[in-house]
file upload_39.cif (mmCIF, C-alpha atoms)
data_entry
#
loop_
_atom_site.label_atom_id
_atom_site.label_comp_id
_atom_site.auth_asym_id
_atom_site.auth_seq_id
_atom_site.Cartn_x
_atom_site.Cartn_y
_atom_site.Cartn_z
CA MET A 85 0.00 0.00 0.00
CA ASN A 86 1.46 3.34 -1.08
CA GLU A 87 -1.45 5.75 -0.53
CA ILE A 88 -1.55 8.59 1.95
CA ARG A 89 -4.05 7.95 4.72
CA LEU A 90 -4.84 9.31 8.17
CA LEU A 91 -2.70 8.10 11.03
CA ARG A 92 -4.81 6.19 13.57
CA GLN A 93 -4.58 5.22 17.23
CA GLU A 94 -3.80 1.63 16.28
CA ASP A 95 -0.76 2.91 14.34
CA ILE A 96 0.96 4.21 17.48
CA PRO A 97 3.18 1.11 17.97
CA GLY A 98 4.36 1.43 14.37
CA ALA A 99 4.91 5.16 14.81
CA MET A 100 6.97 4.44 17.93
CA HIS A 101 9.13 2.11 15.86
CA LEU A 102 9.89 5.03 13.52
CA SER A 103 10.69 7.52 16.29
CA ARG A 104 12.91 5.04 18.13
CA ALA A 105 14.74 4.16 14.91
CA ALA A 106 15.49 7.90 14.56
CA GLY A 107 16.63 8.15 18.20
CA TRP A 108 13.83 10.53 19.15
CA ASN A 109 12.43 11.03 22.65
CA GLN A 110 8.68 10.78 21.93
CA THR A 111 6.50 8.33 23.83
CA GLU A 112 3.22 6.63 22.96
CA ALA A 113 1.52 9.37 25.00
CA ASP A 114 3.08 12.02 22.74
CA TRP A 115 1.73 10.31 19.62
CA ALA A 116 -1.67 9.93 21.27
CA ARG A 117 -1.69 13.63 22.17
CA ILE A 118 -1.11 14.74 18.60
CA LEU A 119 -3.87 12.44 17.38
CA ARG A 120 -6.15 13.80 20.08
CA LEU A 121 -5.41 17.44 19.23
CA GLU A 122 -5.55 17.15 15.43
CA PRO A 123 -6.88 13.76 14.27
CA GLU A 124 -7.50 15.03 10.72
CA GLY A 125 -4.00 16.47 10.39
CA CYS A 126 -1.94 13.33 11.04
CA PHE A 127 -0.87 11.34 7.99
CA ALA A 128 0.86 8.06 7.17
CA ILE A 129 2.00 5.88 4.28
CA GLU A 130 2.20 2.10 4.59
CA GLN A 131 4.71 -0.21 2.95
CA ASP A 132 4.36 -3.99 3.23
CA GLY A 133 1.53 -3.60 5.72
CA GLN A 134 3.53 -1.45 8.15
CA VAL A 135 3.63 2.30 8.79
CA ALA A 136 6.66 3.45 6.81
CA CYS A 137 6.34 7.24 7.00
CA THR A 138 4.48 9.81 9.10
CA ALA A 139 3.88 13.56 9.24
CA THR A 140 1.61 15.60 11.51
CA ALA A 141 0.12 19.08 11.26
CA ILE A 142 -1.46 21.16 14.02
CA ALA A 143 -3.33 24.44 13.53
CA PHE A 144 -2.81 27.00 16.30
CA GLY A 145 -5.76 29.18 15.42
CA ALA A 146 -5.60 31.21 12.22
CA GLU A 147 -2.10 32.52 12.86
CA LEU A 148 0.08 29.43 12.72
CA GLY A 149 0.29 25.82 11.57
CA TRP A 150 3.01 23.47 12.77
CA ILE A 151 4.36 20.39 11.00
CA GLY A 152 6.16 17.68 12.95
CA MET A 153 6.81 13.96 13.34
CA VAL A 154 8.19 13.70 9.79
CA LEU A 155 9.68 10.22 10.03
CA THR A 156 10.57 7.51 7.52
CA ASP A 157 11.55 3.92 8.23
CA PRO A 158 15.26 3.59 7.31
CA ALA A 159 14.35 0.68 5.01
CA HIS A 160 12.12 2.97 2.93
CA ARG A 161 14.17 6.16 2.70
CA GLY A 162 14.93 7.58 -0.72
CA LYS A 163 11.48 6.82 -2.12
CA GLY A 164 10.05 10.31 -1.70
CA LEU A 165 7.56 9.25 0.98
CA ALA A 166 8.38 12.09 3.37
CA THR A 167 8.10 14.67 0.58
CA ARG A 168 4.65 13.37 -0.33
CA LEU A 169 3.47 13.59 3.28
CA MET A 170 4.98 17.05 3.66
CA VAL A 171 3.05 18.24 0.62
CA ARG A 172 -0.15 16.78 2.07
CA ALA A 173 0.45 18.39 5.49
CA ILE A 174 1.09 21.77 3.85
CA GLU A 175 -2.09 21.40 1.77
CA TRP A 176 -4.08 20.53 4.89
CA LEU A 177 -2.90 23.69 6.66
CA GLU A 178 -3.45 25.82 3.56
CA GLU A 179 -7.03 24.51 3.37
CA ARG A 180 -7.48 25.92 6.87
CA ARG A 181 -6.09 29.28 5.76
CA VAL A 182 -3.43 29.50 8.47
CA GLN A 183 -1.26 32.58 7.96
CA TRP A 184 2.11 30.93 8.53
CA ILE A 185 3.47 27.35 8.57
CA LYS A 186 6.52 26.40 10.62
CA LEU A 187 8.61 23.36 11.52
CA ASP A 188 11.90 22.43 13.16
CA ALA A 189 14.09 20.80 10.53
CA THR A 190 16.82 18.22 11.00
CA ASP A 191 19.87 18.46 8.77
CA MET A 192 18.44 15.58 6.72
CA GLY A 193 15.07 17.23 6.23
CA ARG A 194 16.16 20.84 5.74
CA PRO A 195 17.07 20.60 2.00
CA ILE A 196 13.68 19.00 1.26
CA TYR A 197 11.81 21.73 3.11
CA LEU A 198 13.75 24.49 1.37
CA LYS A 199 12.52 23.09 -1.95
CA LEU A 200 8.96 23.22 -0.59
CA GLY A 201 9.18 26.96 0.04
CA PHE A 202 10.39 27.09 3.64
CA GLU A 203 13.02 29.60 4.74
CA ASP A 204 15.35 29.48 7.73
CA GLU A 205 14.16 31.53 10.70
CA ALA A 206 16.08 30.51 13.84
CA ILE A 207 18.22 27.81 15.43
CA VAL A 208 16.92 25.41 18.07
CA GLU A 209 19.35 23.42 20.18
CA ARG A 210 18.72 20.36 22.30
CA TRP A 211 20.58 20.41 25.60
CA ALA A 212 20.87 17.44 27.96
CA ARG A 213 21.73 17.04 31.63
CA ALA A 214 22.79 13.79 33.25
CA PRO A 215 21.03 12.69 36.47
CA GLY A 216 22.14 14.75 39.42
CA LEU A 217 20.97 16.81 42.35
CA ALA A 218 19.94 20.42 41.93
CA PRO A 219 18.95 23.08 44.48
CA ARG A 220 15.25 22.53 45.09
CA THR A 221 12.80 25.38 44.91
CA GLY A 222 9.09 25.55 45.31
CA ALA A 223 6.69 26.43 42.54
CA GLY A 224 3.02 27.16 42.75
CA PRO A 225 0.09 25.49 41.01
CA LEU A 226 -0.26 26.16 37.32
CA ARG A 227 -1.87 29.44 36.33
CA VAL A 228 -1.22 30.13 32.68
CA ASP A 229 -1.14 33.77 31.68
CA TRP A 230 -2.73 33.23 28.27
CA ASP A 231 -1.90 36.75 27.10
CA LEU A 232 1.78 36.20 27.96
CA ASP A 233 1.88 32.86 26.17
CA ARG A 234 0.26 34.27 23.06
CA GLU A 235 2.66 37.22 23.08
CA ALA A 236 5.67 34.89 23.43
CA PHE A 237 4.60 32.15 21.02
CA GLY A 238 2.71 34.34 18.57
CA ALA A 239 -0.46 32.23 18.35
CA ASP A 240 -3.13 30.61 20.51
CA ARG A 241 -1.87 27.22 21.70
CA SER A 242 -4.24 26.88 24.65
CA ARG A 243 -5.50 23.47 23.46
CA LEU A 244 -1.97 22.09 23.60
CA LEU A 245 -1.15 23.58 26.99
CA GLU A 246 -4.41 22.39 28.52
CA ASP A 247 -3.65 18.86 27.30
CA LEU A 248 -0.08 19.01 28.63
CA ALA A 249 -1.38 20.20 32.00
CA ARG A 250 -3.58 17.10 32.24
CA THR A 251 -0.99 14.56 31.15
CA GLY A 252 2.34 15.95 32.37
CA VAL A 253 3.55 18.18 35.20
CA ALA A 254 3.29 21.94 35.36
CA ALA A 255 3.96 24.81 37.74
CA ALA A 256 4.00 28.59 37.81
CA ASN A 257 5.45 31.56 39.65
CA GLY A 258 5.03 35.31 39.42
CA SER A 259 7.05 35.52 36.20
CA GLY A 260 5.71 32.64 34.14
CA TYR A 261 5.18 28.90 33.97
CA ALA A 262 6.75 25.65 32.86
CA PHE A 263 5.59 22.21 31.77
CA GLY A 264 7.32 18.86 31.68
CA ARG A 265 6.58 15.33 30.59
CA PRO A 266 8.15 11.89 30.43
CA GLY A 267 10.22 10.93 27.39
CA ASP A 268 11.40 7.68 25.85
CA LYS A 269 15.01 8.55 26.67
CA ALA A 270 14.84 11.46 29.10
CA ALA A 271 12.45 13.66 31.06
CA TYR A 272 11.50 16.68 28.96
CA PHE A 273 11.49 20.26 30.26
CA GLY A 274 9.22 22.53 28.25
CA PRO A 275 7.50 24.64 27.30
CA CYS A 276 8.67 27.35 29.69
CA VAL A 277 7.57 30.95 29.19
CA CYS A 278 8.80 33.64 31.58
CA ARG A 279 9.23 37.37 31.63
CA ASN A 280 12.72 37.12 33.13
CA ALA A 281 15.59 34.73 33.73
CA GLU A 282 15.12 34.57 37.49
CA GLY A 283 11.60 33.22 37.08
CA ALA A 284 12.85 30.66 34.56
CA ARG A 285 15.67 29.62 36.92
CA ASN A 286 13.14 28.98 39.69
CA LEU A 287 11.00 26.79 37.43
CA LEU A 288 14.02 24.93 36.06
CA GLN A 289 15.22 24.15 39.58
CA TRP A 290 11.75 22.90 40.45
CA PHE A 291 11.79 20.55 37.47
CA LEU A 292 15.33 19.30 38.07
CA GLY A 293 14.48 18.68 41.71
CA GLU A 294 11.53 16.56 40.64
CA HIS A 295 13.70 14.56 38.19
CA ALA A 296 17.06 14.37 39.93
CA ASP A 297 17.41 10.67 39.07
CA GLN A 298 16.76 11.14 35.34
CA THR A 299 18.46 12.56 32.30
CA VAL A 300 16.69 15.78 31.26
CA PHE A 301 16.29 17.17 27.73
CA TRP A 302 15.69 20.87 27.14
CA ASP A 303 15.15 22.49 23.71
CA ILE A 304 16.25 26.14 23.52
CA LEU A 305 15.94 28.88 20.92
CA THR A 306 19.51 30.16 20.61
CA ASP A 307 18.24 33.74 20.30
CA ASN A 308 17.43 33.52 24.04
CA ARG A 309 20.93 33.91 25.44
CA GLU A 310 19.65 33.90 29.02
CA ALA A 311 18.24 30.39 28.51
CA ILE A 312 21.63 29.18 27.24
CA ASP A 313 23.34 30.77 30.24
CA LEU A 314 20.98 28.87 32.55
CA ALA A 315 21.67 25.62 30.71
CA LEU A 316 25.41 26.09 31.25
CA GLU A 317 24.88 27.07 34.88
CA PHE A 318 22.99 23.87 35.63
CA GLY A 319 25.34 21.50 33.84
CA PHE A 320 23.50 20.92 30.56
CA GLU A 321 25.44 20.10 27.40
CA ARG A 322 24.54 20.66 23.74
CA ARG A 323 23.38 17.49 21.99
CA ARG A 324 21.94 18.49 18.62
CA ARG A 325 20.87 21.43 16.49
CA LEU A 326 17.80 21.94 14.31
CA THR A 327 16.76 24.82 12.06
CA ARG A 328 13.38 26.46 12.62
CA GLN A 329 11.84 27.19 9.22
CA VAL A 330 8.81 29.13 8.05
CA ARG A 331 6.73 29.66 4.91
CA PRO A 332 3.48 31.51 4.19
CA GLY A 333 0.25 29.58 4.39
CA VAL A 334 -1.75 32.16 2.45
CA PRO A 335 -0.83 34.91 -0.03
CA ALA A 336 0.37 38.10 1.67
CA PRO A 337 0.02 36.86 5.27
CA ALA A 338 -0.12 39.29 8.16
CA PRO A 339 3.20 39.84 9.97
CA PHE A 340 3.87 37.17 12.61
CA ARG A 341 4.87 38.69 15.92
CA ARG A 342 6.44 36.70 18.74
CA ARG A 343 8.74 37.30 21.73
CA ASP A 344 11.53 34.69 21.67
CA GLU A 345 13.16 36.36 24.68
CA TYR A 346 10.24 35.08 26.80
CA VAL A 347 10.53 31.51 25.49
CA TYR A 348 12.99 29.71 27.78
CA ALA A 349 12.00 26.25 26.50
CA ILE A 350 10.00 25.27 23.45
CA ALA A 351 7.16 22.76 23.68
CA GLY A 352 8.93 20.22 21.44
CA PHE A 353 10.06 19.86 17.85
CA GLU A 354 6.60 18.54 16.97
CA TYR A 355 4.81 21.56 18.50
CA GLY A 356 7.14 24.55 18.34
#

call {"tool": "encode", "arguments": {"input": "upload_39.cif", "output": "structure tokens"}}
result
Amino acid sequence: MNEIRLLRQEDIPGAMHLSRAAGWNQTEADWARILRLEPEGCFAIEQDGQVACTATAIAFGAELGWIGMVLTDPAHRGKGLATRLMVRAIEWLEERRVQWIKLDATDMGRPIYLKLGFEDEAIVERWARAPGLAPRTGAGPLRVDWDLDREAFGADRSRLLEDLARTGVAAANGSGYAFGRPGDKAAYFGPCVCRNAEGARNLLQWFLGEHADQTVFWDILTDNREAIDLALEFGFERRRRLTRQVRPGVPAPAPFRRRDEYVYAIAGFEYG
């Protein structure tokens, strides 16, 4: 079977095979979350009765669409499967008239996406910290400042954050808030949105205190120098680098405004 179809709940074990083959950190719960948030925007191609390629698209209101989970089984690379799913995901977002479409590109995927009209926008780095103690701090119950999150991210992602709050861990202080969730290889810190570095430090210490016995992954926009300084302060090391890319979703889209200096941790390569 070589046709594009919707990804389904029963495909999650096959999707996990793809993400593990690529060395990614996603869990079955992460795949289930994407299917829950955007069941009509998740696509797959089968080969020999197995899921061979995936791509997902999420619409964050009218402002932004995000493409992620672009994965191909190593045995089926070079057949153009990922390009076909990328085209379908772009079409799906264009049908919804989102203003802008973004993704975080690996070095392998970046040349393909450039040919599909994407342009480089920023660099995202994955940092990792080995298990170890950290000064513990308290953090209050989650109270998301929706206006702050929209200002920082540039679009309404309340559906995603509400889902993360139910299925992961989250906390807040006077400056902002942070989320975390389990990963296949490491606990994941993010998203974290704060008005200043001291608030982000407090939330990072809270998360590290809760996961002192685990490796922690943290994805940082390199434009936020304060986030990188915190990563170095707490013993994180760079692991990999991706390129954030963007293309219009409609002709003459409205300017996309965001505040990267407030984003101390992204939500994940599949969400932005």

call {"tool": "resolve_selection", "arguments": {"input": "upload_39.cif", "expression": "the PyMOL selection byres ((chain A and resi 300) around 9)", "output": "list in words"}}
result
Trp211, Ala212, Arg213, Ala214, Pro215, Gly267, Lys269, Ala270, Ala271, Tyr272, Phe273, Leu292, His295, Ala296, Gln298, Thr299, Phe301, Trp302 and Phe320 of chain A

call {"tool": "resolve_selection", "arguments": {"input": "upload_39.cif", "expression": "the PyMOL selection byres ((chain A and resi 244) around 9)", "output": "PyMOL selection string"}}
result
chain A and resi 117-118+121+144+241-243+245-249+355

call {"tool": "closest_residue", "arguments": {"input": "upload_39.cif", "among": "A:Ala106, A:Ile88, A:Val277, A:Ala146", "to": "Tyr346 of chain A", "atoms": "all atoms listed in the file"}}
result
A:Val277

call {"tool": "closest_atom_pairs", "arguments": {"input": "upload_39.cif", "of": "segment 184-257 of chain A", "to": "segment 152-162 of chain A", "cutoff": "9 Å", "atoms": "only C-alpha atoms", "output": "JSON lines"}}
result
{"residue": "A:Leu187", "atom": "CA", "partner": "A:Gly152", "partner_atom": "CA", "distance": 6.3}
{"residue": "A:Asp188", "atom": "CA", "partner": "A:Gly152", "partner_atom": "CA", "distance": 7.5}
{"residue": "A:Ala189", "atom": "CA", "partner": "A:Gly152", "partner_atom": "CA", "distance": 8.9}
{"residue": "A:Gly193", "atom": "CA", "partner": "A:Val154", "partner_atom": "CA", "distance": 8.5}

call {"tool": "write_last_selection", "arguments": {"input": "upload_39.cif", "atoms": "C-alpha atoms", "output": "CSV table (one decimal), in the coordinates of the input"}}
result
chain,number,residue,atom,x,y,z
A,187,LEU,CA,8.6,23.4,11.5
A,188,ASP,CA,11.9,22.4,13.2
A,189,ALA,CA,14.1,20.8,10.5
A,193,GLY,CA,15.1,17.2,6.2

call {"tool": "residues_around", "arguments": {"input": "upload_39.cif", "residues": "Lys199 of chain A", "least_positions_apart": "3", "cutoff": "12 Å", "atoms": "only C-alpha atoms", "output": "PyMOL selection string"}}
result
chain A and resi 167+170-171+193-196+202-204+329+331

call {"tool": "resolve_selection", "arguments": {"input": "upload_39.cif", "expression": "the PyMOL selection byres ((chain A and resi 130) around 9)", "output": "number ranges by chain"}}
result
A: 85-89, 128-129, 131-137

call {"tool": "atom_distance", "arguments": {"input": "upload_39.cif", "atom1": "atom CA of Gly149 of chain A", "atom2": "atom CA of Ile185 of chain A"}}
result
4.6 Å

call {"tool": "atom_distance", "arguments": {"input": "upload_39.cif", "atom1": "atom CA of Thr140 of chain A", "atom2": "atom CA of Phe127 of chain A"}}
result
6.1 Å

call {"tool": "closest_residue", "arguments": {"input": "upload_39.cif", "among": "A:Gly125, A:Pro332, A:Gly356, A:Gly164", "to": "Arg181 of chain A", "atoms": "only C-alpha atoms"}}
result
A:Pro332

call {"tool": "decode", "arguments": {"input": "upload_39.cif", "residues": "segment 125-231 of chain A", "atoms": "C-alpha atoms", "output": "CSV table (one decimal), in the first residue's frame"}}
result
chain,number,residue,atom,x,y,z
A,125,GLY,CA,-4.0,16.5,10.4
A,126,CYS,CA,-1.9,13.3,11.0
A,127,PHE,CA,-0.9,11.3,8.0
A,128,ALA,CA,0.9,8.1,7.2
A,129,ILE,CA,2.0,5.9,4.3
A,130,GLU,CA,2.2,2.1,4.6
A,131,GLN,CA,4.7,-0.2,3.0
A,132,ASP,CA,4.4,-4.0,3.2
A,133,GLY,CA,1.5,-3.6,5.7
A,134,GLN,CA,3.5,-1.4,8.1
A,135,VAL,CA,3.6,2.3,8.8
A,136,ALA,CA,6.7,3.5,6.8
A,137,CYS,CA,6.3,7.2,7.0
A,138,THR,CA,4.5,9.8,9.1
A,139,ALA,CA,3.9,13.6,9.2
A,140,THR,CA,1.6,15.6,11.5
A,141,ALA,CA,0.1,19.1,11.3
A,142,ILE,CA,-1.5,21.2,14.0
A,143,ALA,CA,-3.3,24.4,13.5
A,144,PHE,CA,-2.8,27.0,16.3
A,145,GLY,CA,-5.8,29.2,15.4
A,146,ALA,CA,-5.6,31.2,12.2
A,147,GLU,CA,-2.1,32.5,12.9
A,148,LEU,CA,0.1,29.4,12.7
A,149,GLY,CA,0.3,25.8,11.6
A,150,TRP,CA,3.0,23.5,12.8
A,151,ILE,CA,4.4,20.4,11.0
A,152,GLY,CA,6.2,17.7,13.0
A,153,MET,CA,6.8,14.0,13.3
A,154,VAL,CA,8.2,13.7,9.8
A,155,LEU,CA,9.7,10.2,10.0
A,156,THR,CA,10.6,7.5,7.5
A,157,ASP,CA,11.6,3.9,8.2
A,158,PRO,CA,15.3,3.6,7.3
A,159,ALA,CA,14.3,0.7,5.0
A,160,HIS,CA,12.1,3.0,2.9
A,161,ARG,CA,14.2,6.2,2.7
A,162,GLY,CA,14.9,7.6,-0.7
A,163,LYS,CA,11.5,6.8,-2.1
A,164,GLY,CA,10.1,10.3,-1.7
A,165,LEU,CA,7.6,9.2,1.0
A,166,ALA,CA,8.4,12.1,3.4
A,167,THR,CA,8.1,14.7,0.6
A,168,ARG,CA,4.6,13.4,-0.3
A,169,LEU,CA,3.5,13.6,3.3
A,170,MET,CA,5.0,17.1,3.7
A,171,VAL,CA,3.1,18.2,0.6
A,172,ARG,CA,-0.2,16.8,2.1
A,173,ALA,CA,0.5,18.4,5.5
A,174,ILE,CA,1.1,21.8,3.8
A,175,GLU,CA,-2.1,21.4,1.8
A,176,TRP,CA,-4.1,20.5,4.9
A,177,LEU,CA,-2.9,23.7,6.7
A,178,GLU,CA,-3.5,25.8,3.6
A,179,GLU,CA,-7.0,24.5,3.4
A,180,ARG,CA,-7.5,25.9,6.9
A,181,ARG,CA,-6.1,29.3,5.8
A,182,VAL,CA,-3.4,29.5,8.5
A,183,GLN,CA,-1.3,32.6,8.0
A,184,TRP,CA,2.1,30.9,8.5
A,185,ILE,CA,3.5,27.4,8.6
A,186,LYS,CA,6.5,26.4,10.6
A,187,LEU,CA,8.6,23.4,11.5
A,188,ASP,CA,11.9,22.4,13.2
A,189,ALA,CA,14.1,20.8,10.5
A,190,THR,CA,16.8,18.2,11.0
A,191,ASP,CA,19.9,18.5,8.8
A,192,MET,CA,18.4,15.6,6.7
A,193,GLY,CA,15.1,17.2,6.2
A,194,ARG,CA,16.2,20.8,5.7
A,195,PRO,CA,17.1,20.6,2.0
A,196,ILE,CA,13.7,19.0,1.3
A,197,TYR,CA,11.8,21.7,3.1
A,198,LEU,CA,13.8,24.5,1.4
A,199,LYS,CA,12.5,23.1,-1.9
A,200,LEU,CA,9.0,23.2,-0.6
A,201,GLY,CA,9.2,27.0,0.0
A,202,PHE,CA,10.4,27.1,3.6
A,203,GLU,CA,13.0,29.6,4.7
A,204,ASP,CA,15.3,29.5,7.7
A,205,GLU,CA,14.2,31.5,10.7
A,206,ALA,CA,16.1,30.5,13.8
A,207,ILE,CA,18.2,27.8,15.4
A,208,VAL,CA,16.9,25.4,18.1
A,209,GLU,CA,19.3,23.4,20.2
A,210,ARG,CA,18.7,20.4,22.3
A,211,TRP,CA,20.6,20.4,25.6
A,212,ALA,CA,20.9,17.4,28.0
A,213,ARG,CA,21.7,17.0,31.6
A,214,ALA,CA,22.8,13.8,33.3
A,215,PRO,CA,21.0,12.7,36.5
A,216,GLY,CA,22.1,14.8,39.4
A,217,LEU,CA,21.0,16.8,42.3
A,218,ALA,CA,19.9,20.4,41.9
A,219,PRO,CA,19.0,23.1,44.5
A,220,ARG,CA,15.3,22.5,45.1
A,221,THR,CA,12.8,25.4,44.9
A,222,GLY,CA,9.1,25.5,45.3
A,223,ALA,CA,6.7,26.4,42.5
A,224,GLY,CA,3.0,27.2,42.7
A,225,PRO,CA,0.1,25.5,41.0
A,226,LEU,CA,-0.3,26.2,37.3
A,227,ARG,CA,-1.9,29.4,36.3
A,228,VAL,CA,-1.2,30.1,32.7
A,229,ASP,CA,-1.1,33.8,31.7
A,230,TRP,CA,-2.7,33.2,28.3
A,231,ASP,CA,-1.9,36.7,27.1
